[in-house]
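Shown next: start_37.txt, containing compact mmCIF, C-alpha atoms.
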# COMPACT_ATOMS: atom_id res chain seq x y z
CA MET A 9 86.08 102.18 103.99
CA VAL A 10 88.45 102.65 106.92
CA TRP A 11 88.41 98.91 107.52
CA ILE A 12 89.10 98.23 103.83
CA SER A 13 92.03 100.65 103.87
CA ARG A 14 93.53 98.89 106.88
CA VAL A 15 93.21 95.51 105.18
CA CYS A 16 94.91 96.86 102.04
CA TRP A 17 97.71 98.39 104.11
CA ARG A 18 98.34 95.15 106.00
CA LYS A 19 98.48 93.21 102.76
CA TYR A 20 100.27 95.66 100.48
CA GLY A 21 101.71 98.36 102.74
CA ASN A 22 105.14 96.73 102.57
CA PHE A 23 105.74 97.94 99.02
CA VAL A 24 108.75 100.29 99.12
CA ASP A 25 109.76 102.54 96.22
CA ASN A 26 112.00 105.05 98.04
CA LEU A 27 114.63 104.75 100.73
CA ARG A 28 116.95 107.16 102.54
CA LEU A 29 120.46 105.99 103.46
CA TYR A 30 123.42 107.31 105.39
CA VAL A 31 126.69 106.74 103.52
CA ARG A 32 130.25 107.69 104.43
CA GLY A 33 133.54 107.07 102.70
CA GLY A 34 136.39 105.65 104.71
CA SER A 35 138.95 107.97 106.32
CA GLY A 36 142.47 108.07 104.90
CA GLY A 37 145.40 106.52 106.73
CA MET A 38 148.08 108.42 108.63
CA GLY A 39 151.25 109.38 106.80
CA MET A 40 154.76 108.89 108.19
CA PRO A 41 156.61 112.22 108.41
CA ARG A 42 159.97 110.65 109.33
CA LEU A 43 160.19 108.64 106.08
CA GLY A 44 157.78 110.59 103.89
CA GLY A 45 155.28 107.73 103.85
CA GLN A 46 151.77 108.25 102.48
CA GLY A 47 148.67 106.87 104.15
CA GLY A 48 146.20 104.78 102.20
CA THR A 49 143.08 106.30 100.67
CA GLY A 50 139.79 105.48 102.40
CA GLY A 51 137.34 103.10 100.76
CA ASP A 52 134.46 104.33 98.57
CA VAL A 53 130.72 103.61 98.81
CA TRP A 54 129.00 102.47 95.61
CA VAL A 55 125.39 101.76 94.69
CA VAL A 56 125.14 98.81 92.27
CA ALA A 57 122.09 97.62 90.29
CA GLU A 58 121.13 93.98 90.67
CA LYS A 59 118.27 91.99 89.21
CA HIS A 60 115.65 90.15 91.25
CA LEU A 61 115.96 92.57 94.16
CA THR A 62 113.48 94.94 95.81
CA LEU A 63 113.93 98.00 97.98
CA LYS A 64 111.86 96.22 100.62
CA ARG A 65 114.52 93.52 100.79
CA VAL A 66 117.28 96.15 101.01
CA LYS A 67 115.42 97.84 103.85
CA ASP A 68 114.96 94.57 105.73
CA ARG A 69 118.56 93.49 105.16
CA TYR A 70 120.02 96.76 106.47
CA PRO A 71 117.59 98.09 109.12
CA LYS A 72 120.07 100.76 110.30
CA LYS A 73 120.49 102.03 106.72
CA ARG A 74 124.09 103.08 107.44
CA PHE A 75 126.98 102.23 105.12
CA ILE A 76 130.56 103.17 106.05
CA ALA A 77 133.56 102.17 103.93
CA GLY A 78 136.81 100.92 105.41
CA GLY A 79 139.59 103.28 106.41
CA GLY A 80 142.92 103.43 104.59
CA SER A 81 145.95 101.82 106.24
CA ASN A 82 148.53 103.95 108.00
CA SER A 83 151.95 104.32 106.45
CA SER A 84 154.54 102.14 108.17
CA ILE A 85 158.15 101.09 107.84
CA ARG A 86 157.05 97.86 106.16
CA ALA A 87 154.68 99.66 103.75
CA LEU A 88 155.40 103.32 103.25
CA LYS A 89 152.30 103.64 101.07
CA GLY A 90 149.31 102.47 103.05
CA ALA A 91 146.73 100.16 101.48
CA LYS A 92 143.39 101.52 100.27
CA GLY A 93 140.40 100.97 102.53
CA LYS A 94 137.75 98.39 101.66
CA ASP A 95 134.96 99.63 99.37
CA VAL A 96 131.29 99.08 100.25
CA GLU A 97 128.77 98.14 97.56
CA ILE A 98 125.03 98.56 98.17
CA SER A 99 122.97 96.26 95.95
CA VAL A 100 119.70 97.85 94.77
CA PRO A 101 117.04 97.00 92.15
CA VAL A 102 117.34 98.04 88.52
CA GLY A 103 115.48 101.31 87.84
CA ILE A 104 116.86 103.29 90.79
CA ARG A 105 117.60 107.00 90.62
CA VAL A 106 120.12 108.10 93.26
CA THR A 107 119.83 111.65 94.57
CA THR A 108 121.07 113.70 97.50
CA ASP A 109 118.78 115.32 100.04
CA ASN A 110 118.92 118.60 98.12
CA GLY A 111 117.78 116.94 94.90
CA GLN A 112 121.14 116.58 93.13
CA VAL A 113 121.03 113.55 90.84
CA LEU A 114 124.06 111.32 91.40
CA GLY A 115 123.14 108.68 88.85
CA GLN A 116 120.55 106.45 87.24
CA LEU A 117 120.79 102.65 87.35
CA ASP A 118 118.88 101.31 84.35
CA TYR A 119 120.75 98.06 83.72
CA GLU A 120 122.14 95.23 85.80
CA GLY A 121 125.70 96.01 86.83
CA ASP A 122 125.33 99.81 86.59
CA LYS A 123 127.05 101.48 89.55
CA VAL A 124 127.20 104.99 91.03
CA LEU A 125 129.82 106.39 93.41
CA VAL A 126 127.92 107.99 96.28
CA ALA A 127 130.67 108.64 98.89
CA ARG A 128 134.37 108.99 98.12
CA GLY A 129 137.04 107.91 100.59
CA GLY A 130 139.35 110.48 102.16
CA HIS A 131 142.94 110.97 101.01
CA GLY A 132 145.70 109.48 103.09
CA GLY A 133 148.17 111.67 104.94
CA SER A 134 151.00 112.99 102.75
CA LEU A 135 153.50 115.78 102.49
CA ASN A 136 150.83 118.15 101.10
CA SER A 137 148.59 117.61 104.13
CA ARG A 138 151.41 117.51 106.69
CA PHE A 139 150.89 113.75 106.75
CA LEU A 140 147.42 114.14 108.28
CA PRO A 141 144.61 112.12 106.66
CA ARG A 142 141.29 113.43 105.36
CA LYS A 143 137.91 112.16 106.40
CA GLY A 144 135.70 110.38 103.90
CA GLN A 145 132.75 112.04 102.16
CA LEU A 146 129.52 111.92 104.16
CA ARG A 147 126.08 112.05 102.56
CA GLN A 148 122.44 111.31 103.05
CA ILE A 149 121.22 109.80 99.78
CA ARG A 150 117.81 108.81 98.48
CA LEU A 151 117.05 105.74 96.39
CA ASP A 152 114.01 106.38 94.23
CA LEU A 153 112.61 103.38 92.34
CA ARG A 154 110.99 104.13 89.00
CA LEU A 155 109.58 101.07 87.31
CA ILE A 156 110.83 100.34 83.81
CA ALA A 157 108.15 98.96 81.48
CA ASP A 158 107.22 99.06 77.82
CA MET A 159 103.67 100.25 78.47
CA GLY A 160 102.11 102.03 81.44
CA LEU A 161 98.40 101.80 82.22
CA VAL A 162 96.99 105.20 83.17
CA GLY A 163 93.42 105.70 84.33
CA PHE A 164 91.07 106.67 87.12
CA PRO A 165 89.99 104.15 89.77
CA ASN A 166 87.62 101.41 88.58
CA ALA A 167 88.44 102.00 84.89
CA GLY A 168 89.31 98.31 84.75
CA LYS A 169 93.10 98.59 84.49
CA SER A 170 93.79 95.63 86.78
CA SER A 171 91.21 93.48 85.00
CA LEU A 172 92.75 94.46 81.67
CA LEU A 173 96.26 93.58 82.85
CA THR A 174 95.03 90.21 84.10
CA ALA A 175 93.34 89.51 80.77
CA LEU A 176 96.42 90.52 78.76
CA SER A 177 99.12 88.93 80.89
CA HIS A 178 99.88 86.50 83.68
CA ALA A 179 99.83 89.17 86.37
CA THR A 180 97.31 88.76 89.19
CA PRO A 181 96.76 92.15 90.83
CA GLN A 182 94.20 92.39 93.61
CA ILE A 183 90.79 93.26 92.14
CA ALA A 184 87.66 94.26 94.03
CA SER A 185 84.47 96.27 93.63
CA TYR A 186 85.62 99.42 95.42
CA PRO A 187 87.88 102.27 94.20
CA PHE A 188 91.67 102.29 94.72
CA THR A 189 91.88 98.51 94.32
CA THR A 190 95.47 98.74 93.12
CA VAL A 191 97.58 100.13 95.93
CA ARG A 192 100.97 99.20 94.54
CA PRO A 193 102.39 99.06 90.99
CA GLU A 194 102.13 95.71 89.27
CA ILE A 195 104.05 94.60 86.17
CA GLY A 196 102.70 91.92 83.87
CA LYS A 197 104.24 90.27 80.82
CA VAL A 198 102.19 90.07 77.63
CA MET A 199 103.28 86.89 75.84
CA TYR A 200 103.14 86.34 72.07
CA THR A 201 103.19 83.10 70.09
CA ASP A 202 106.76 83.75 68.90
CA HIS A 203 107.86 84.14 72.57
CA LYS A 204 108.12 87.91 72.32
CA GLN A 205 107.35 89.60 75.66
CA VAL A 206 106.05 93.10 76.38
CA SER A 207 106.01 94.45 79.94
CA VAL A 208 102.92 96.38 81.06
CA ALA A 209 102.82 98.33 84.34
CA ASP A 210 99.50 98.75 86.14
CA LEU A 211 99.73 101.91 88.22
CA PRO A 212 97.22 102.72 90.97
CA GLY A 213 94.28 104.83 89.84
CA LEU A 214 94.80 108.58 89.73
CA ILE A 215 92.39 111.08 91.21
CA GLU A 216 91.77 114.69 90.30
CA GLY A 217 94.62 116.64 91.88
CA ALA A 218 97.17 113.81 91.64
CA HIS A 219 99.74 116.27 90.28
CA MET A 220 99.51 118.07 93.66
CA ASN A 221 100.27 114.74 95.38
CA ARG A 222 96.66 114.04 96.32
CA GLY A 223 95.86 110.42 96.87
CA MET A 224 99.05 108.58 95.86
CA GLY A 225 99.86 111.18 93.21
CA HIS A 226 103.62 111.73 93.08
CA GLN A 227 104.33 108.29 94.52
CA PHE A 228 103.00 106.64 91.36
CA LEU A 229 103.05 109.35 88.68
CA LYS A 230 106.84 109.08 88.75
CA HIS A 231 106.60 105.52 87.43
CA VAL A 232 104.88 106.80 84.27
CA GLU A 233 108.09 108.67 83.39
CA ARG A 234 110.01 105.42 82.85
CA THR A 235 107.55 103.71 80.49
CA LYS A 236 108.11 103.84 76.74
CA GLN A 237 104.45 104.35 75.89
CA LEU A 238 101.16 104.99 77.67
CA LEU A 239 97.89 103.07 77.64
CA PHE A 240 95.06 105.37 78.66
CA VAL A 241 92.21 103.25 80.04
CA VAL A 242 88.73 104.78 80.40
CA ASP A 243 85.30 103.39 81.20
CA VAL A 244 83.14 103.83 78.09
CA CYS A 245 80.17 104.81 80.28
CA GLY A 246 82.14 107.26 82.43
CA PHE A 247 82.67 107.11 86.17
CA GLN A 248 81.86 108.75 89.48
CA LEU A 249 84.48 108.30 92.19
CA ALA A 250 82.07 109.00 95.07
CA SER A 251 78.59 110.35 95.67
CA SER A 252 80.10 113.71 96.60
CA THR A 253 82.06 114.03 93.34
CA PRO A 254 80.64 114.88 89.89
CA PHE A 255 80.05 112.26 87.22
CA ARG A 256 82.66 112.28 84.45
CA SER A 257 82.04 111.03 80.92
CA ALA A 258 84.64 108.96 79.05
CA PHE A 259 85.79 112.04 77.13
CA GLU A 260 86.06 114.09 80.33
CA ALA A 261 88.12 111.25 81.83
CA VAL A 262 90.54 111.49 78.89
CA GLN A 263 90.74 115.25 79.36
CA LEU A 264 91.33 115.03 83.10
CA LEU A 265 93.97 112.31 82.80
CA SER A 266 95.77 114.43 80.21
CA LYS A 267 95.60 117.46 82.51
CA GLU A 268 97.05 115.56 85.47
CA LEU A 269 99.98 114.34 83.37
CA GLU A 270 100.47 117.80 81.87
CA LEU A 271 100.65 119.47 85.29
CA TYR A 272 103.03 116.85 86.64
CA ASN A 273 105.34 116.75 83.62
CA LYS A 274 104.41 118.12 80.18
CA GLU A 275 106.86 115.78 78.46
CA LEU A 276 104.67 112.81 79.41
CA LEU A 277 102.08 113.88 76.85
CA SER A 278 104.67 113.58 74.08
CA LYS A 279 104.98 109.83 74.67
CA PRO A 280 103.27 107.57 72.12
CA ALA A 281 99.86 106.64 73.49
CA ILE A 282 97.01 104.22 72.86
CA LEU A 283 93.49 104.87 74.13
CA VAL A 284 91.77 101.76 75.48
CA VAL A 285 88.02 102.13 75.93
CA ASN A 286 87.03 99.43 78.39
CA LYS A 287 83.75 97.81 79.51
CA MET A 288 82.28 97.53 76.01
CA ASP A 289 80.09 94.73 77.38
CA LEU A 290 77.89 97.26 79.22
CA PRO A 291 74.48 98.39 77.86
CA GLU A 292 74.61 101.35 75.42
CA ALA A 293 78.39 100.91 75.14
CA GLU A 294 78.34 101.16 71.34
CA THR A 295 76.46 104.45 71.42
CA LYS A 296 78.80 105.86 74.07
CA PHE A 297 81.86 104.76 72.09
CA ARG A 298 80.67 106.48 68.90
CA GLU A 299 80.04 109.63 70.93
CA LEU A 300 83.56 109.46 72.36
CA GLU A 301 85.07 109.00 68.90
CA SER A 302 83.22 112.07 67.66
CA GLN A 303 84.37 114.17 70.62
CA LEU A 304 87.99 113.06 70.19
CA GLU A 305 87.87 114.00 66.52
CA LYS A 306 86.33 117.43 67.14
CA GLN A 307 88.13 118.07 70.46
CA GLU A 308 84.86 119.45 71.77
CA GLY A 309 82.15 118.56 74.24
CA LEU A 310 83.93 119.34 77.51
CA GLY A 311 80.67 119.77 79.35
CA ASP A 312 80.94 121.28 82.80
CA LEU A 313 84.72 121.04 83.22
CA PRO A 314 86.20 124.25 84.65
CA GLU A 315 88.65 126.04 82.40
CA ASN A 316 91.61 125.29 84.68
CA MET A 317 90.93 121.55 84.30
CA VAL A 318 91.10 121.59 80.51
CA PRO A 319 94.47 120.45 79.10
CA ILE A 320 96.35 122.52 76.55
CA SER A 321 96.17 119.56 74.19
CA LEU A 322 95.41 115.87 74.21
CA PRO A 323 98.03 113.20 73.54
CA HIS A 324 98.22 111.96 69.98
CA PHE A 325 96.52 108.58 70.29
CA LYS A 326 97.94 106.23 67.67
CA TYR A 327 94.97 103.92 68.13
CA THR A 328 91.62 103.98 69.89
CA VAL A 329 90.67 100.43 70.82
CA PRO A 330 87.30 99.32 72.25
CA VAL A 331 87.68 96.29 74.52
CA SER A 332 86.03 94.34 77.28
CA ALA A 333 88.37 92.90 79.86
CA LEU A 334 85.42 90.86 81.15
CA ASN A 335 84.60 88.84 78.02
CA GLY A 336 87.77 89.35 75.98
CA LEU A 337 86.25 91.53 73.25
CA GLY A 338 88.98 93.37 71.30
CA LEU A 339 91.88 91.99 73.37
CA PRO A 340 93.63 90.11 70.52
CA ARG A 341 93.58 93.29 68.40
CA LEU A 342 94.86 95.34 71.34
CA LYS A 343 97.78 92.94 71.87
CA ASP A 344 98.70 93.21 68.19
CA LEU A 345 98.51 97.03 68.24
CA ILE A 346 100.65 97.24 71.39
CA ARG A 347 103.38 95.23 69.73
CA GLN A 348 103.08 97.11 66.44
CA SER A 349 103.33 100.48 68.19
CA LEU A 350 106.42 99.45 70.16
CA GLU A 351 108.14 98.01 67.10
CA GLU A 352 107.48 101.22 65.16
CA GLN A 353 109.01 103.25 67.99
CA ASN A 354 112.04 100.95 68.20
CA ALA A 355 112.58 101.24 64.45
CA MET A 356 112.45 105.04 64.62
CA GLU A 357 114.89 105.12 67.54
CA ALA A 358 117.28 102.80 65.68
CA GLU A 359 117.22 105.03 62.59
CA ARG A 360 117.75 108.28 64.50
CA PRO A 361 121.50 107.86 65.23
CA HIS A 362 122.18 106.98 61.58
CA ALA A 363 120.27 110.03 60.37
CA GLU A 364 122.11 112.30 62.82
CA ARG A 365 125.48 110.86 61.76
CA LEU A 366 124.59 111.41 58.10
CA ARG A 367 123.76 115.05 58.79
CA GLU A 368 127.09 115.49 60.60
CA LEU A 369 128.99 114.00 57.66
CA ARG A 370 127.22 116.31 55.25
CA ARG A 371 128.27 119.30 57.35
CA GLU A 372 131.88 118.08 57.53
CA VAL A 373 132.34 117.48 53.78
CA PRO A 374 132.84 120.83 51.96
CA VAL A 375 130.81 121.38 48.84
CA VAL A 376 133.06 122.35 45.90
CA ALA A 377 131.42 123.83 42.83
CA ARG A 378 132.48 122.03 39.66
CA PRO A 379 133.39 124.34 36.75
CA VAL A 380 131.53 124.03 33.49
CA TRP A 381 133.68 122.22 30.89
CA GLY A 382 133.46 125.00 28.33
CA GLU A 383 134.59 127.69 30.82
CA ALA A 384 137.50 125.59 32.04
CA HIS A 385 138.63 124.95 28.44
CA SER A 386 138.43 128.62 27.45
CA THR A 387 140.56 129.76 30.40
CA SER A 388 143.38 127.45 29.40
CA GLU A 389 143.66 128.99 25.88
CA PRO A 390 146.22 131.79 25.38
CA SER A 391 144.80 135.23 24.86
Render the structure in this file as structure tokens.
Amino acid sequence: MVWISRVCWRKYGNFVDNLRLYVRGGSGGMGMPRLGGQGGTGGDVWVVAEKHLTLKRVKDRYPKKRFIAGGGSNSSIRALKGAKGKDVEISVPVGIRVTTDNGQVLGQLDYEGDKVLVARGGHGGSLNSRFLPRKGQLRQIRLDLRLIADMGLVGFPNAGKSSLLTALSHATPQIASYPFTTVRPEIGKVMYTDHKQVSVADLPGLIEGAHMNRGMGHQFLKHVERTKQLLFVVDVCGFQLASSTPFRSAFEAVQLLSKELELYNKELLSKPAILVVNKMDLPEAETKFRELESQLEKQEGLGDLPENMVPISLPHFKYTVPVSALNGLGLPRLKDLIRQSLEEQNAMEAERPHAERLRELRREVPVVARPVWGEAHSTSEPS
């Protein structure tokens, strides 16, 4: 197992999803007291989202990870107001959250061209500062990549997530017969006959205690936050991670996955979800699937799970789909349900602003009671 881990690290250890940078705005230029000249403002440092870029490439391109903007020009007889210093732009992938070392969120870059100011240049010398310039802002910032996908595959190791992604899309994640096959996130595109595309992210298998950062917990749970919907993938016959760990049934796997997401971020369980029951080609799969359906309906049958491992509630699964990534059983139906679920969500999100605007208009327009015709007529008659 140690040898396998080393092989995986050599092959996939270059995946980077967070980076720490030193950034500093340019210093302002000197003012000119004799003529009242003002020095130029120092340049700013920006982080800009760009497609077809990875944090690994950013790291390789700038090994020192230091970005300093240009200083403002000094005031002179030829130019009493000094020129602004040159700005620095750091190109990063789409999906980056920029934070400071103390956790302050500076911005989120979700679309190409989005930009965040991370270090402001210092003011040039002027009358208010006795013509002395200010230094630029200095910060240590963190770039945290969170993959953006329509669907996110969530499951324990060897549930068949990578095989499922390969069967659904053109992605080719590394697949083997030992746990923790997927050691980096992989995004595949599910193609439809009308050229519609749906992105599906395969995240490395969770383990019990992932919310406490065991295994690769926090490193990959964060990617689940950026997906629109979740695809829970479980082995219909259950799984056992190692000989020293207890066997978990398919229903217990659903419970434990829900608990890990709940402990990491309760809001994740409010995402629309589809339950994919994989490996239906195995013996007794039909019997196991009917048992799982019954347990999901009754919310019972937890077996030997300790009380602290039981989630407050399960996600609301829009569909429960039995499939076999090996022989293709149920995959066409799953593709159709994925698209249907996403289109339903998009339709609801499109209607929400209109409904909110309608409610606002109703509050703004005063309701005036109309008098009854007979009462209005009688009041106009002389007494």
Coordinates-based distance that separates atom CA of A:His231 from atom CA of A:Met159 (Å, one decimal):
10.8 Å
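If you measure from each of A:Gly45, A:Val31, A:Leu229, A:Ser332 to A:Arg147 using all atoms listed in the file, the closest one turns out to be A:Val31.
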Residues at most 9 Å from A:Arg28, counting only C-alpha atoms, excluding those fewer than 5 positions away in the same chain, as a ChimeraX atom specification?
/A:73,109,148-152
Which is closest to A:Asn166 among A:Gly78, A:Pro340, A:Gly246, A:Pro71, if we use all atoms listed in the file?
A:Gly246
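Closest approach to A:Val100 from the set A:Arg142, A:Arg69, A:His324, A:Arg32 is made by A:Arg69, with distances taken over all atoms listed in the file.
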Report, in Å with one decimal, the straight-line distance from atom CA of A:Asp52 to atom CA of A:Gly129.
4.9 Å
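The closest residue to A:Gly93, picked from A:Arg128, A:Arg65, A:Lys296, A:Lys59 and counting all atoms listed in the file, is A:Arg128.
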Give me, as a list in words, all polymer residues having an atom no more than 12 Å from A:Phe255, counting all atoms listed in the file and skipping those fewer than 6 positions away in the same chain.
Asp243, Cys245, Gly246, Phe247, Gln248, Leu249, Ala261, Gly311, Asp312 and Leu313 of chain A
Would you save the residues from that selection as an mmCIF file, keeping the file's coordinate frame, using C-alpha atoms?
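After the write, selection.cif holds the following:
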data_model
loop_
_atom_site.group_PDB
_atom_site.id
_atom_site.type_symbol
_atom_site.label_atom_id
_atom_site.label_comp_id
_atom_site.auth_asym_id
_atom_site.auth_seq_id
_atom_site.Cartn_x
_atom_site.Cartn_y
_atom_site.Cartn_z
ATOM 1 C CA ASP A 243 85.300 103.390 81.200
ATOM 2 C CA CYS A 245 80.170 104.810 80.280
ATOM 3 C CA GLY A 246 82.140 107.260 82.430
ATOM 4 C CA PHE A 247 82.670 107.110 86.170
ATOM 5 C CA GLN A 248 81.860 108.750 89.480
ATOM 6 C CA LEU A 249 84.480 108.300 92.190
ATOM 7 C CA ALA A 261 88.120 111.250 81.830
ATOM 8 C CA GLY A 311 80.670 119.770 79.350
ATOM 9 C CA ASP A 312 80.940 121.280 82.800
ATOM 10 C CA LEU A 313 84.720 121.040 83.220
#
List every residue of stretch 112-190 of chain A that has an atom at most 10 Å from any atom of stretch 82-86 of chain A, giving for each one its closest atom pair and the distance in Å to one decimal, counting all atoms listed in the file, sorted by chain and then by ascending residue number, as a tab-separated table.
residue	atom	partner	partner_atom	distance
A:Gly132	CA	A:Asn82	CA	7.9
A:Gly133	CA	A:Asn82	CA	8.3
A:Ser134	CA	A:Ser83	CA	9.5
A:Phe139	CA	A:Ser83	CA	9.5
A:Pro141	CA	A:Asn82	CA	9.2
Selection to disk with C-alpha atoms, as a compact mmCIF listing (two decimals), in the frame of the given file:
# COMPACT_ATOMS: atom_id res chain seq x y z
CA GLY A 132 145.70 109.48 103.09
CA GLY A 133 148.17 111.67 104.94
CA SER A 134 151.00 112.99 102.75
CA PHE A 139 150.89 113.75 106.75
CA PRO A 141 144.61 112.12 106.66
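Between atom CA of A:Leu117 and atom CA of A:Leu239 there is a distance of 24.9 Å.
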Completion step: stretch 247-266 of chain A with N, CA, C and O atoms as a PDB file, in the coordinates of the input:
ATOM      1  N   PHE A 247      82.518 107.575  84.788  1.00  0.00           N
ATOM      2  CA  PHE A 247      82.670 107.110  86.170  1.00  0.00           C
ATOM      3  C   PHE A 247      82.344 108.228  87.143  1.00  0.00           C
ATOM      4  O   PHE A 247      82.362 109.403  86.806  1.00  0.00           O
ATOM      5  N   GLN A 248      82.046 107.826  88.366  1.00  0.00           N
ATOM      6  CA  GLN A 248      81.860 108.750  89.480  1.00  0.00           C
ATOM      7  C   GLN A 248      82.579 108.157  90.676  1.00  0.00           C
ATOM      8  O   GLN A 248      82.230 107.072  91.147  1.00  0.00           O
ATOM      9  N   LEU A 249      83.624 108.847  91.143  1.00  0.00           N
ATOM     10  CA  LEU A 249      84.480 108.300  92.190  1.00  0.00           C
ATOM     11  C   LEU A 249      83.720 108.112  93.504  1.00  0.00           C
ATOM     12  O   LEU A 249      83.894 107.126  94.203  1.00  0.00           O
ATOM     13  N   ALA A 250      82.857 109.072  93.836  1.00  0.00           N
ATOM     14  CA  ALA A 250      82.070 109.000  95.070  1.00  0.00           C
ATOM     15  C   ALA A 250      80.799 109.817  94.874  1.00  0.00           C
ATOM     16  O   ALA A 250      80.681 110.598  93.923  1.00  0.00           O
ATOM     17  N   SER A 251      79.861 109.633  95.782  1.00  0.00           N
ATOM     18  CA  SER A 251      78.590 110.350  95.670  1.00  0.00           C
ATOM     19  C   SER A 251      78.766 111.852  95.784  1.00  0.00           C
ATOM     20  O   SER A 251      77.948 112.627  95.298  1.00  0.00           O
ATOM     21  N   SER A 252      79.850 112.275  96.419  1.00  0.00           N
ATOM     22  CA  SER A 252      80.100 113.710  96.600  1.00  0.00           C
ATOM     23  C   SER A 252      80.866 114.332  95.439  1.00  0.00           C
ATOM     24  O   SER A 252      81.091 115.538  95.425  1.00  0.00           O
ATOM     25  N   THR A 253      81.290 113.519  94.476  1.00  0.00           N
ATOM     26  CA  THR A 253      82.060 114.030  93.340  1.00  0.00           C
ATOM     27  C   THR A 253      81.207 113.976  92.081  1.00  0.00           C
ATOM     28  O   THR A 253      80.299 113.137  91.960  1.00  0.00           O
ATOM     29  N   PRO A 254      81.460 114.862  91.104  1.00  0.00           N
ATOM     30  CA  PRO A 254      80.640 114.880  89.890  1.00  0.00           C
ATOM     31  C   PRO A 254      80.895 113.675  88.998  1.00  0.00           C
ATOM     32  O   PRO A 254      81.976 113.081  89.024  1.00  0.00           O
ATOM     33  N   PHE A 255      79.910 113.326  88.209  1.00  0.00           N
ATOM     34  CA  PHE A 255      80.050 112.260  87.220  1.00  0.00           C
ATOM     35  C   PHE A 255      80.897 112.765  86.060  1.00  0.00           C
ATOM     36  O   PHE A 255      80.755 113.898  85.616  1.00  0.00           O
ATOM     37  N   ARG A 256      81.800 111.922  85.574  1.00  0.00           N
ATOM     38  CA  ARG A 256      82.660 112.280  84.450  1.00  0.00           C
ATOM     39  C   ARG A 256      82.420 111.312  83.303  1.00  0.00           C
ATOM     40  O   ARG A 256      82.431 110.094  83.490  1.00  0.00           O
ATOM     41  N   SER A 257      82.197 111.866  82.105  1.00  0.00           N
ATOM     42  CA  SER A 257      82.040 111.030  80.920  1.00  0.00           C
ATOM     43  C   SER A 257      83.390 110.465  80.503  1.00  0.00           C
ATOM     44  O   SER A 257      84.437 110.851  81.021  1.00  0.00           O
ATOM     45  N   ALA A 258      83.383 109.557  79.532  1.00  0.00           N
ATOM     46  CA  ALA A 258      84.640 108.960  79.050  1.00  0.00           C
ATOM     47  C   ALA A 258      85.552 110.036  78.472  1.00  0.00           C
ATOM     48  O   ALA A 258      86.761 110.031  78.699  1.00  0.00           O
ATOM     49  N   PHE A 259      84.965 110.980  77.724  1.00  0.00           N
ATOM     50  CA  PHE A 259      85.790 112.040  77.130  1.00  0.00           C
ATOM     51  C   PHE A 259      86.359 112.952  78.212  1.00  0.00           C
ATOM     52  O   PHE A 259      87.525 113.368  78.143  1.00  0.00           O
ATOM     53  N   GLU A 260      85.558 113.264  79.220  1.00  0.00           N
ATOM     54  CA  GLU A 260      86.060 114.090  80.330  1.00  0.00           C
ATOM     55  C   GLU A 260      87.172 113.355  81.075  1.00  0.00           C
ATOM     56  O   GLU A 260      88.134 113.977  81.544  1.00  0.00           O
ATOM     57  N   ALA A 261      87.061 112.030  81.184  1.00  0.00           N
ATOM     58  CA  ALA A 261      88.120 111.250  81.830  1.00  0.00           C
ATOM     59  C   ALA A 261      89.432 111.376  81.058  1.00  0.00           C
ATOM     60  O   ALA A 261      90.505 111.533  81.640  1.00  0.00           O
ATOM     61  N   VAL A 262      89.345 111.325  79.723  1.00  0.00           N
ATOM     62  CA  VAL A 262      90.540 111.490  78.890  1.00  0.00           C
ATOM     63  C   VAL A 262      91.141 112.876  79.110  1.00  0.00           C
ATOM     64  O   VAL A 262      92.362 113.038  79.262  1.00  0.00           O
ATOM     65  N   GLN A 263      90.279 113.886  79.157  1.00  0.00           N
ATOM     66  CA  GLN A 263      90.740 115.250  79.360  1.00  0.00           C
ATOM     67  C   GLN A 263      91.421 115.410  80.724  1.00  0.00           C
ATOM     68  O   GLN A 263      92.502 116.013  80.833  1.00  0.00           O
ATOM     69  N   LEU A 264      90.802 114.866  81.749  1.00  0.00           N
ATOM     70  CA  LEU A 264      91.330 115.030  83.100  1.00  0.00           C
ATOM     71  C   LEU A 264      92.637 114.260  83.291  1.00  0.00           C
ATOM     72  O   LEU A 264      93.560 114.754  83.946  1.00  0.00           O
ATOM     73  N   LEU A 265      92.717 113.063  82.724  1.00  0.00           N
ATOM     74  CA  LEU A 265      93.970 112.310  82.800  1.00  0.00           C
ATOM     75  C   LEU A 265      95.090 113.074  82.100  1.00  0.00           C
ATOM     76  O   LEU A 265      96.216 113.157  82.602  1.00  0.00           O
ATOM     77  N   SER A 266      94.774 113.649  80.945  1.00  0.00           N
ATOM     78  CA  SER A 266      95.770 114.430  80.210  1.00  0.00           C
ATOM     79  C   SER A 266      96.214 115.639  81.018  1.00  0.00           C
ATOM     80  O   SER A 266      97.402 115.989  81.037  1.00  0.00           O
TER      81      SER A 266
END
